[in-house]
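Structure file coords06.tsv; described as TSV, C-alpha atoms and all ligand atoms.
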chain	number	residue	atom	x	y	z
A	4	MET	CA	0.00	0.00	0.00
A	5	SER	CA	2.70	2.45	0.98
A	6	SER	CA	4.80	1.74	-2.10
A	7	PHE	CA	1.67	2.08	-4.14
A	8	VAL	CA	0.96	5.49	-2.66
A	9	ARG	CA	4.51	6.60	-3.32
A	10	CYS	CA	4.40	5.41	-6.92
A	11	VAL	CA	1.08	7.12	-7.47
A	12	ALA	CA	2.60	10.31	-6.09
A	13	VAL	CA	5.60	9.95	-8.35
A	14	MET	CA	3.41	9.31	-11.37
A	15	LEU	CA	1.43	12.36	-10.49
A	16	PHE	CA	4.54	14.49	-10.65
A	17	GLN	CA	5.80	12.74	-13.80
A	18	THR	CA	9.17	11.54	-12.65
A	19	ALA	CA	10.84	8.17	-12.25
A	20	CYS	CA	9.20	5.84	-9.76
A	21	VAL	CA	11.64	4.61	-7.12
A	22	PRO	CA	9.48	2.93	-4.55
A	23	TRP	CA	10.77	2.85	-1.02
A	24	ALA	CA	8.94	1.73	1.96
A	25	LEU	CA	6.83	4.10	3.92
A	26	ASN	CA	6.51	3.12	7.51
A	27	PRO	CA	3.80	5.30	8.92
A	28	THR	CA	3.35	5.23	12.63
A	29	PRO	CA	-0.13	5.52	14.07
A	30	PRO	CA	-1.16	9.08	14.84
A	31	PRO	CA	-1.23	10.10	18.47
A	32	PRO	CA	-4.54	9.73	20.25
A	33	ILE	CA	-6.88	12.66	19.89
A	34	SER	CA	-6.06	14.89	22.81
A	35	MET	CA	-8.58	17.58	22.05
A	36	GLU	CA	-12.29	17.70	21.45
A	37	PRO	CA	-12.98	21.06	19.82
A	38	GLN	CA	-16.30	22.64	20.70
A	39	ALA	CA	-18.43	24.96	18.58
A	40	ALA	CA	-18.26	28.65	19.42
A	41	LEU	CA	-20.75	31.44	18.80
A	42	VAL	CA	-20.41	35.21	18.76
A	43	THR	CA	-23.27	37.64	18.29
A	44	ALA	CA	-22.95	41.11	16.82
A	45	THR	CA	-24.97	43.50	14.66
A	46	ILE	CA	-24.86	44.80	11.12
A	47	GLY	CA	-26.64	48.11	10.69
A	48	GLY	CA	-28.32	47.32	13.99
A	49	ALA	CA	-29.64	43.96	12.78
A	50	PRO	CA	-28.42	40.85	14.62
A	51	VAL	CA	-25.77	38.64	13.09
A	52	ARG	CA	-24.57	35.37	14.57
A	53	VAL	CA	-21.20	33.87	13.65
A	54	HIS	CA	-20.56	30.23	14.51
A	55	ALA	CA	-17.24	28.41	14.45
A	56	ILE	CA	-18.18	24.76	13.97
A	57	PRO	CA	-15.58	21.98	14.13
A	58	SER	CA	-16.10	18.91	12.01
A	59	GLY	CA	-13.68	16.77	13.96
A	60	THR	CA	-9.93	17.08	13.83
A	61	ILE	CA	-7.10	16.87	11.35
A	62	ALA	CA	-3.53	15.80	12.02
A	63	VAL	CA	-0.79	16.58	9.50
A	64	LYS	CA	2.73	15.19	9.45
A	65	ASN	CA	5.33	16.95	11.58
A	66	CYS	CA	7.10	18.03	8.39
A	67	HIS	CA	3.88	19.63	7.18
A	68	ARG	CA	3.14	21.31	10.52
A	69	SER	CA	6.60	22.76	10.99
A	70	ASN	CA	7.66	23.39	7.39
A	71	CYS	CA	10.69	21.08	7.58
A	72	LEU	CA	12.21	22.22	4.27
A	73	ASP	CA	13.37	25.73	3.51
A	74	GLU	CA	11.73	27.87	0.90
A	75	SER	CA	14.11	26.79	-1.86
A	76	ALA	CA	12.48	23.36	-1.91
A	77	ASN	CA	9.95	23.03	-4.68
A	78	TYR	CA	6.46	21.75	-4.19
A	79	ARG	CA	7.35	18.21	-5.28
A	80	GLU	CA	10.24	17.95	-2.82
A	81	ARG	CA	8.04	19.33	-0.11
A	82	PHE	CA	5.24	16.88	-0.84
A	83	PHE	CA	7.63	13.89	-0.83
A	84	SER	CA	9.18	14.96	2.46
A	85	ILE	CA	5.75	15.13	4.00
A	86	LEU	CA	4.83	11.76	2.51
A	87	GLU	CA	7.98	10.16	3.93
A	88	ASP	CA	7.65	11.64	7.39
A	89	GLU	CA	6.47	8.94	9.74
A	90	ALA	CA	5.10	11.07	12.56
A	91	PHE	CA	1.89	13.05	12.78
A	92	ALA	CA	1.69	16.30	14.72
A	93	GLU	CA	-1.00	17.05	17.29
A	94	PRO	CA	-4.55	17.08	15.89
A	95	MET	CA	-6.11	20.45	15.11
A	96	PRO	CA	-9.76	21.42	14.69
A	97	ILE	CA	-11.35	21.61	11.25
A	98	TRP	CA	-13.37	24.82	11.51
A	99	SER	CA	-16.15	25.84	9.23
A	100	TYR	CA	-17.70	29.24	9.86
A	101	VAL	CA	-21.42	29.90	9.58
A	102	ILE	CA	-22.75	33.44	9.37
A	103	GLU	CA	-26.42	34.03	10.12
A	104	HIS	CA	-26.43	37.30	8.20
A	105	PRO	CA	-29.45	39.60	7.86
A	106	GLU	CA	-29.57	38.60	4.17
A	107	GLY	CA	-29.42	34.86	4.86
A	108	ALA	CA	-27.08	32.12	6.05
A	109	PHE	CA	-23.59	31.70	4.60
A	110	ALA	CA	-21.06	28.95	5.24
A	111	ILE	CA	-17.34	29.44	4.88
A	112	ASP	CA	-16.00	25.96	4.05
A	113	THR	CA	-17.84	22.73	4.74
A	114	GLY	CA	-15.41	20.65	6.78
A	115	GLU	CA	-15.00	16.93	6.26
A	116	THR	CA	-17.19	13.87	6.77
A	117	PRO	CA	-16.54	10.18	7.59
A	118	ALA	CA	-16.40	9.58	3.82
A	119	PHE	CA	-12.76	10.72	3.96
A	120	SER	CA	-11.81	7.38	5.48
A	121	ASP	CA	-14.11	5.29	3.30
A	122	ALA	CA	-12.34	3.91	0.23
A	123	ARG	CA	-15.67	3.46	-1.56
A	124	ALA	CA	-16.28	7.21	-1.41
A	125	TRP	CA	-13.08	7.77	-3.42
A	126	SER	CA	-13.96	5.35	-6.22
A	127	CYS	CA	-14.11	8.23	-8.70
A	128	ASP	CA	-10.48	9.13	-7.94
A	129	GLU	CA	-8.63	6.44	-5.99
A	130	ARG	CA	-5.26	8.21	-6.39
A	131	ALA	CA	-6.54	11.32	-4.64
A	132	GLY	CA	-7.94	9.16	-1.86
A	133	GLN	CA	-4.69	7.25	-1.36
A	134	LEU	CA	-2.61	10.42	-1.29
A	135	SER	CA	-4.95	12.32	0.98
A	136	GLN	CA	-5.17	9.46	3.45
A	137	ALA	CA	-1.37	9.06	3.36
A	138	ILE	CA	-0.62	12.62	4.46
A	139	LEU	CA	-3.68	13.51	6.56
A	140	LYS	CA	-5.35	11.84	9.52
A	141	ILE	CA	-8.90	13.07	9.84
A	142	GLU	CA	-11.13	12.03	12.72
A	143	VAL	CA	-14.78	12.90	12.24
A	144	ASP	CA	-17.89	10.90	13.03
A	145	ALA	CA	-21.42	11.25	11.68
A	146	THR	CA	-22.49	13.49	14.56
A	147	GLN	CA	-19.62	15.91	13.93
A	148	THR	CA	-20.25	16.83	10.31
A	149	LEU	CA	-21.21	20.42	9.58
A	150	ALA	CA	-24.66	19.34	8.40
A	151	ALA	CA	-25.33	17.34	11.57
A	152	GLN	CA	-24.36	20.27	13.76
A	153	LEU	CA	-26.39	22.73	11.69
A	154	SER	CA	-29.40	20.56	12.22
A	155	GLY	CA	-28.76	20.80	15.97
A	156	LEU	CA	-28.83	24.58	15.59
A	157	GLY	CA	-32.12	24.48	13.70
A	158	LEU	CA	-30.42	25.46	10.42
A	159	SER	CA	-30.99	23.61	7.17
A	160	PRO	CA	-28.02	23.43	4.75
A	161	GLY	CA	-30.40	23.50	1.79
A	162	ALA	CA	-31.71	26.91	2.90
A	163	PHE	CA	-28.29	28.57	2.89
A	164	LYS	CA	-27.72	31.56	0.66
A	165	ALA	CA	-24.27	30.36	-0.37
A	166	VAL	CA	-21.17	28.44	0.63
A	167	VAL	CA	-17.80	30.10	0.04
A	168	LEU	CA	-14.71	27.87	0.01
A	169	THR	CA	-11.42	29.30	1.25
A	170	HIS	CA	-9.79	26.65	-0.94
A	171	ALA	CA	-10.52	23.24	-2.32
A	172	HIS	CA	-8.51	20.88	-0.15
A	173	ALA	CA	-10.33	17.82	1.15
A	174	ASP	CA	-10.84	19.05	4.72
A	175	HIS	CA	-12.64	22.14	3.45
A	176	VAL	CA	-14.91	20.64	0.82
A	177	GLY	CA	-16.05	17.31	2.27
A	178	GLY	CA	-19.48	18.58	3.33
A	179	ILE	CA	-20.44	20.04	-0.05
A	180	PRO	CA	-22.91	17.23	-0.90
A	181	ASP	CA	-25.02	18.28	2.10
A	182	PHE	CA	-25.59	21.69	0.48
A	183	ALA	CA	-27.51	20.43	-2.56
A	184	GLY	CA	-28.98	23.29	-4.59
A	185	VAL	CA	-26.89	25.93	-2.81
A	186	PRO	CA	-24.35	27.99	-4.80
A	187	ILE	CA	-20.83	26.85	-3.91
A	188	TRP	CA	-18.33	29.65	-4.50
A	189	THR	CA	-14.83	28.45	-5.32
A	190	THR	CA	-12.28	29.63	-7.88
A	191	ARG	CA	-11.60	28.38	-11.36
A	192	ALA	CA	-7.89	28.61	-10.49
A	193	ASP	CA	-8.28	26.25	-7.56
A	194	PHE	CA	-10.73	23.93	-9.19
A	195	GLU	CA	-8.66	23.42	-12.33
A	196	ALA	CA	-5.37	23.12	-10.47
A	197	GLY	CA	-6.95	20.81	-7.95
A	198	THR	CA	-8.47	18.65	-10.61
A	199	ASN	CA	-5.10	18.33	-12.31
A	200	PHE	CA	-3.38	17.54	-9.05
A	201	GLY	CA	-6.09	15.10	-8.06
A	202	ILE	CA	-6.62	16.54	-4.60
A	203	ILE	CA	-10.09	18.00	-5.01
A	204	PRO	CA	-12.29	15.07	-4.16
A	205	CYS	CA	-14.57	14.43	-7.10
A	206	ARG	CA	-16.80	12.69	-4.61
A	207	THR	CA	-17.73	16.06	-3.13
A	208	THR	CA	-17.95	18.36	-6.13
A	209	ARG	CA	-19.75	16.17	-8.64
A	210	GLY	CA	-23.15	17.73	-9.28
A	211	ALA	CA	-22.41	20.74	-7.07
A	212	MET	CA	-23.65	24.16	-8.14
A	213	LEU	CA	-20.17	25.65	-8.51
A	214	ARG	CA	-19.61	29.39	-8.92
A	215	TYR	CA	-16.20	30.82	-9.76
A	216	LEU	CA	-15.07	33.84	-7.79
A	217	ASP	CA	-12.24	34.73	-10.18
A	218	ASP	CA	-14.64	34.82	-13.13
A	219	ALA	CA	-17.13	36.94	-11.18
A	220	ILE	CA	-14.44	39.38	-10.02
A	221	ALA	CA	-13.23	39.81	-13.60
A	222	ALA	CA	-16.77	40.68	-14.67
A	223	THR	CA	-17.37	43.18	-11.86
A	224	PRO	CA	-16.38	46.87	-12.00
A	225	PRO	CA	-13.60	47.57	-9.48
A	226	VAL	CA	-14.25	49.62	-6.37
A	227	SER	CA	-11.83	51.79	-4.47
A	228	SER	CA	-11.18	50.60	-0.93
A	229	ALA	CA	-8.26	49.99	1.40
A	230	GLU	CA	-8.93	46.27	1.28
A	231	ASP	CA	-9.01	46.07	-2.50
A	232	ALA	CA	-5.85	48.17	-2.67
A	233	GLN	CA	-4.09	45.60	-0.50
A	234	LEU	CA	-5.66	42.35	-1.69
A	235	GLY	CA	-6.68	43.17	-5.26
A	236	PRO	CA	-10.24	43.37	-6.52
A	237	GLY	CA	-12.78	41.50	-4.44
A	238	LEU	CA	-16.41	40.53	-4.71
A	239	ALA	CA	-19.33	41.40	-2.44
A	240	MET	CA	-21.07	38.20	-1.36
A	241	THR	CA	-23.98	40.15	0.12
A	242	ARG	CA	-26.01	43.03	-1.31
A	243	ASP	CA	-24.89	45.29	1.53
A	244	GLY	CA	-21.23	44.45	0.89
A	245	THR	CA	-20.55	43.45	4.49
A	246	LEU	CA	-19.34	40.00	3.44
A	247	ARG	CA	-16.61	40.39	0.84
A	248	ALA	CA	-14.24	37.83	-0.71
A	249	TRP	CA	-10.85	38.14	-2.41
A	250	MET	CA	-8.86	35.59	-4.36
A	251	THR	CA	-5.40	35.40	-2.78
A	252	PRO	CA	-3.20	32.79	-4.53
A	253	GLY	CA	-0.56	31.22	-2.30
A	254	HIS	CA	-1.65	28.30	-0.19
A	255	THR	CA	-3.40	27.09	-3.34
A	256	PRO	CA	-3.67	28.79	-6.75
A	257	GLY	CA	-7.13	30.09	-5.94
A	258	SER	CA	-7.17	30.52	-2.16
A	259	VAL	CA	-9.74	32.96	-0.84
A	260	VAL	CA	-9.95	35.24	2.19
A	261	LEU	CA	-13.19	36.84	3.38
A	262	ARG	CA	-14.04	39.73	5.64
A	263	LEU	CA	-17.28	40.29	7.54
A	264	THR	CA	-17.93	43.89	8.57
A	265	THR	CA	-20.07	44.26	11.68
A	266	ASP	CA	-20.97	47.26	13.81
A	267	GLN	CA	-18.53	45.89	16.37
A	268	GLY	CA	-15.56	45.35	14.03
A	269	LEU	CA	-14.13	43.05	11.38
A	270	LEU	CA	-13.84	39.28	11.21
A	271	TRP	CA	-11.26	37.99	8.74
A	272	PHE	CA	-11.54	34.40	7.55
A	273	VAL	CA	-8.14	33.41	6.18
A	274	GLY	CA	-8.44	29.67	5.52
A	275	ASP	CA	-5.07	27.93	5.62
A	276	LEU	CA	-2.97	31.06	5.09
A	277	THR	CA	-1.65	30.16	8.54
A	278	PHE	CA	-2.34	27.34	10.99
A	279	ALA	CA	-3.04	29.87	13.74
A	280	ALA	CA	-3.52	33.63	14.00
A	281	SER	CA	-0.65	33.79	16.49
A	282	GLU	CA	1.65	32.24	13.86
A	283	LEU	CA	0.75	34.63	11.02
A	284	GLY	CA	3.97	36.21	9.78
A	285	GLU	CA	6.03	34.10	12.20
A	286	THR	CA	6.25	30.94	10.13
A	287	LEU	CA	5.35	29.78	6.64
A	288	ALA	CA	4.36	26.32	7.89
A	289	GLY	CA	1.83	24.59	5.68
A	290	ILE	CA	1.81	22.82	2.35
A	291	HIS	CA	1.78	26.06	0.39
A	292	GLY	CA	2.00	26.01	-3.37
A	293	ASP	CA	3.51	29.50	-3.65
A	294	PHE	CA	5.38	31.08	-0.77
A	295	GLU	CA	5.56	34.49	-2.42
A	296	GLY	CA	1.78	34.55	-2.66
A	297	VAL	CA	1.45	33.55	1.00
A	298	LYS	CA	3.88	36.30	2.04
A	299	LYS	CA	1.99	38.89	0.00
A	300	THR	CA	-1.37	37.99	1.49
A	301	THR	CA	0.13	37.75	4.97
A	302	ALA	CA	1.51	41.29	4.68
A	303	ALA	CA	-1.85	42.56	3.44
A	304	ILE	CA	-3.81	40.88	6.23
A	305	GLN	CA	-1.35	42.17	8.83
A	306	ALA	CA	-1.76	45.71	7.49
A	307	LEU	CA	-5.55	45.45	7.34
A	308	THR	CA	-5.89	43.97	10.82
A	309	SER	CA	-3.43	46.26	12.55
A	310	ALA	CA	-6.29	48.55	13.53
A	311	PRO	CA	-8.24	47.46	16.61
A	312	LYS	CA	-11.49	45.53	16.43
A	313	SER	CA	-10.23	42.97	13.91
A	314	VAL	CA	-9.88	39.26	14.49
A	315	ILE	CA	-8.14	36.68	12.28
A	316	LEU	CA	-9.90	33.33	12.04
A	317	ALA	CA	-7.90	30.51	10.45
A	318	SER	CA	-9.32	27.11	9.62
A	319	HIS	CA	-7.30	24.98	12.06
A	320	ASP	CA	-6.51	27.35	14.92
A	321	PRO	CA	-7.27	25.75	18.31
A	322	GLY	CA	-7.49	29.29	19.72
A	323	VAL	CA	-10.56	30.30	17.69
A	324	PRO	CA	-13.13	30.15	20.55
A	325	ALA	CA	-10.91	32.36	22.71
A	326	LEU	CA	-10.22	34.72	19.82
A	327	LEU	CA	-13.94	35.14	19.14
A	328	SER	CA	-14.87	35.79	22.75
A	329	GLY	CA	-11.91	38.16	23.14
A	330	TRP	CA	-12.91	40.07	20.01
A	331	ARG	CA	-16.48	40.45	21.22
A	332	ALA	CA	-15.45	41.53	24.70
A	333	ALA	CA	-13.21	44.22	23.17
A	334	SER	CA	-15.92	45.41	20.76
A	335	PRO	CA	-19.02	46.21	22.78
B	401	ZN	ZN	-7.10	22.84	5.86
Encoded form (C-alpha cells):
Amino acid sequence: MSSFVRCVAVMLFQTACVPWALNPTPPPPISMEPQAALVTATIGGAPVRVHAIPSGTIAVKNCHRSNCLDESANYRERFFSILEDEAFAEPMPIWSYVIEHPEGAFAIDTGETPAFSDARAWSCDERAGQLSQAILKIEVDATQTLAAQLSGLGLSPGAFKAVVLTHAHADHVGGIPDFAGVPIWTTRADFEAGTNFGIIPCRTTRGAMLRYLDDAIAATPPVSSAEDAQLGPGLAMTRDGTLRAWMTPGHTPGSVVLRLTTDQGLLWFVGDLTFAASELGETLAGIHGDFEGVKKTTAAIQALTSAPKSVILASHDPGVPALLSGWRAASP
C-alpha cells in the first residue's frame, strides 16, 4: 500500500518511480475535542450570529506542521518529504464558519465527513484518496459533520444563501454534498489546479452548483477601498457588501480570504494562510503552493488587521473560541 501510494505520487509528478517503503506510525490519540463557538454582533443594527463549527480534527505530518524544508524546496520535494515523514503532529480542529447574516445564512468551508476514510467514497479518484489518506489523519464521526451540527442549531443546509470555500482541499470541501442546490463559491484557479493535481475530491464536487469567484471578479467593475488596494479586486457576497471575498493565490492557486464587517468590528476568515492567528507572519508552515503569494497575502492581512477591532480566524486554529470571545469583549 505504501509503495503504491509513493508510486502514485511519483506518477502524479511525472518523474521516475523509485518505490521505497513508507513506515507510517499511528497518529497520536486525539487529545482535544474542539467545541463549537458562537459570537453575536450587529450589522446596521440587525443581529448577526457567527458560529465556528468543528467537524472533527485533522492531524498533519510533523514536516507539514513545521515546514521542515526551507523555501528553496519546490512543491514536489516538499510533498515527498511530508509523505515520507512517519510522525503526525498534534490534531487540530477543522473549523467551518457559519454566518447568520441579515440577508441569509452563509457557510465558509464545509469541513470533512466520515467519507474521507471510506475507500468506496473515493472510487471516482482512488489516487486522490490514497494520497490524501497518506498525508492527513482526519477524525470525524457522523455526529460531527457540519450538516449534523447545523441541524442541531435548527439550520438547514439547503436553505443557505451560499457556501464560500477558502480553498478546495479535502478538509474544506467534504461537506459540499449536504448543500444540494446551494451555490458553492470556489475559484476556477483552484478547481482546475486541484483537478489536475487530483486533490479536489470528485466525490464532493460532482453535481455541485459551482460558482467561480475569479470569473465573477473579472466581470465586476472595481471599487476603491483599502482592502481592494491591499488584496486586489474582491467581490461582495452580500447586497450590503458586508461579506466580501478576495482571491489570494498562495496556499493554493485560488485561495480565498473573506471579511465580515459588523458594527462591532471586522472578522477575517483566512483559511489555511496560517495554521493559527498567532503564527501569522512568524512561520510559513503549511503545504503552500507558492510562498511568495502567501507572504503577499500575509503582509496585506497584517496591514488590514493592525487597527483594533479585527480578528483573524484561520481554519485549524485551536485558539478560535478564545479569539472570538476576546474580540467580542473588546468590541461592545
Ligand atoms: Zn485545511
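For the choices A:Leu307, A:Leu149, A:Ile290, A:Leu86, the atom-to-atom distance to Leu134 (chain A) is smallest for A:Leu86 when using only C-alpha atoms.
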9 Å from ligand ZN 401 (chain B) is the threshold here; counting only C-alpha atoms and all ligand atoms, which polymer residues fall inside it? Answer as a short mmCIF file (atom, residue, chain, number, x, y, z; two decimals) with C-alpha atoms, in the frame of the given file.
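Everything below was put into result37.cif:
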data_model
loop_
_atom_site.label_atom_id
_atom_site.label_comp_id
_atom_site.auth_asym_id
_atom_site.auth_seq_id
_atom_site.Cartn_x
_atom_site.Cartn_y
_atom_site.Cartn_z
CA ILE A 61 -7.10 16.87 11.35
CA ILE A 97 -11.35 21.61 11.25
CA TRP A 98 -13.37 24.82 11.51
CA GLY A 114 -15.41 20.65 6.78
CA HIS A 170 -9.79 26.65 -0.94
CA ALA A 171 -10.52 23.24 -2.32
CA HIS A 172 -8.51 20.88 -0.15
CA ALA A 173 -10.33 17.82 1.15
CA ASP A 174 -10.84 19.05 4.72
CA HIS A 175 -12.64 22.14 3.45
CA GLY A 274 -8.44 29.67 5.52
CA ASP A 275 -5.07 27.93 5.62
CA PHE A 278 -2.34 27.34 10.99
CA ALA A 317 -7.90 30.51 10.45
CA SER A 318 -9.32 27.11 9.62
CA HIS A 319 -7.30 24.98 12.06
#
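Going from CA of Glu295 (chain A) to CA of Asn70 (chain A) covers 15.0 Å.
Minimum atom-to-atom distances from A:Ile304, A:Ala118, A:Leu269, A:Ala92 to Asp231 (chain A) were compared using all atoms listed in the file, and the lowest value belongs to A:Ile304.
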Report as AutoDock Vina command-line options the centre and the edge lengths, in Å to one decimal, of the axis-aligned box holding every listed atom of region 204-207 of chain A, padded by 8 Å on each side.
--center_x -15.0 --center_y 14.4 --center_z -5.1 --size_x 21.4 --size_y 19.4 --size_z 20.0
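One distance worth recording is that between CA of Lys299 (chain A) and CA of Thr277 (chain A), which is 12.7 Å.
Residue neighbourhood of region 180-182 of chain A, excluding near-sequence residues (fewer than 2 positions): Pro160, Gly161, Gly178, Val185 and Thr207 of chain A, at 6 Å, using only C-alpha atoms.
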How would you write as a PyMOL selection string the residues that get within 10 Å of (-16.8, 50.3, -3.2) in the file's frame, counting all atoms listed in the file?
-> chain A and resi 224-231+237-239+244
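All residues of protein, DNA or RNA that reach within 10 Å of Gly132 (chain A), judged by only C-alpha atoms and not counting those fewer than 3 positions away in the chain, are Val8, Phe119, Ser120, Asp121, Ala122, Arg123, Ala124, Trp125, Ser126, Cys127, Asp128, Glu129, Ser135, Gln136, Ala137, Ala173, Gly201, Ile202, Ile203, Pro204, Cys205 and Arg206 of chain A.
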Please produce an output containing C-alpha atoms for each residue in the selection, written as an mmCIF file, in the coordinates of the input.
data_model
loop_
_atom_site.group_PDB
_atom_site.id
_atom_site.type_symbol
_atom_site.label_atom_id
_atom_site.label_comp_id
_atom_site.auth_asym_id
_atom_site.auth_seq_id
_atom_site.Cartn_x
_atom_site.Cartn_y
_atom_site.Cartn_z
ATOM 1 C CA VAL A 8 0.960 5.490 -2.660
ATOM 2 C CA PHE A 119 -12.760 10.720 3.960
ATOM 3 C CA SER A 120 -11.810 7.380 5.480
ATOM 4 C CA ASP A 121 -14.110 5.290 3.300
ATOM 5 C CA ALA A 122 -12.340 3.910 0.230
ATOM 6 C CA ARG A 123 -15.670 3.460 -1.560
ATOM 7 C CA ALA A 124 -16.280 7.210 -1.410
ATOM 8 C CA TRP A 125 -13.080 7.770 -3.420
ATOM 9 C CA SER A 126 -13.960 5.350 -6.220
ATOM 10 C CA CYS A 127 -14.110 8.230 -8.700
ATOM 11 C CA ASP A 128 -10.480 9.130 -7.940
ATOM 12 C CA GLU A 129 -8.630 6.440 -5.990
ATOM 13 C CA SER A 135 -4.950 12.320 0.980
ATOM 14 C CA GLN A 136 -5.170 9.460 3.450
ATOM 15 C CA ALA A 137 -1.370 9.060 3.360
ATOM 16 C CA ALA A 173 -10.330 17.820 1.150
ATOM 17 C CA GLY A 201 -6.090 15.100 -8.060
ATOM 18 C CA ILE A 202 -6.620 16.540 -4.600
ATOM 19 C CA ILE A 203 -10.090 18.000 -5.010
ATOM 20 C CA PRO A 204 -12.290 15.070 -4.160
ATOM 21 C CA CYS A 205 -14.570 14.430 -7.100
ATOM 22 C CA ARG A 206 -16.800 12.690 -4.610
#
Give me, please, the distance in Å between CA of Tyr215 (chain A) and CA of Trp188 (chain A), quoted to one decimal.
-> 5.8 Å
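Candidate residues A:Gln133, A:Trp249, A:Leu139, A:Glu285 were compared for distance to Cys66 (chain A), and the nearest is A:Leu139, using only C-alpha atoms.
Of the residues listed (A:Ala145, A:Leu263, A:Ala219, A:Ala211), A:Leu263 shows the shortest atom-to-atom separation from Arg52 (chain A); distances use all atoms listed in the file.
Proximity to Thr265 (chain A) was assessed for A:Ala90, A:Ile102, A:Ile85, A:Leu287 counting all atoms listed in the file; the smallest distance is recorded for A:Ile102.
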Find the residues near Trp330 (chain A): any atom within 8 Å, counting only C-alpha atoms, skip ones fewer than 5 places away on the same chain, and give them as JSON, numbers by chain.
-> {"A": [312, 313, 314]}
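Minimum atom-to-atom distances from A:Leu261, A:Ala279, A:Val167, A:Ala303 to Pro321 (chain A) were compared using all atoms listed in the file, and the lowest value belongs to A:Ala279.
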Contact residues around Gln267 (chain A) with only C-alpha atoms at 10 Å, ignoring same-chain residues under 5 positions, as JSON, numbers by chain = {"A": [43, 44, 45, 46, 312, 313, 330, 331, 332, 333, 334, 335]}
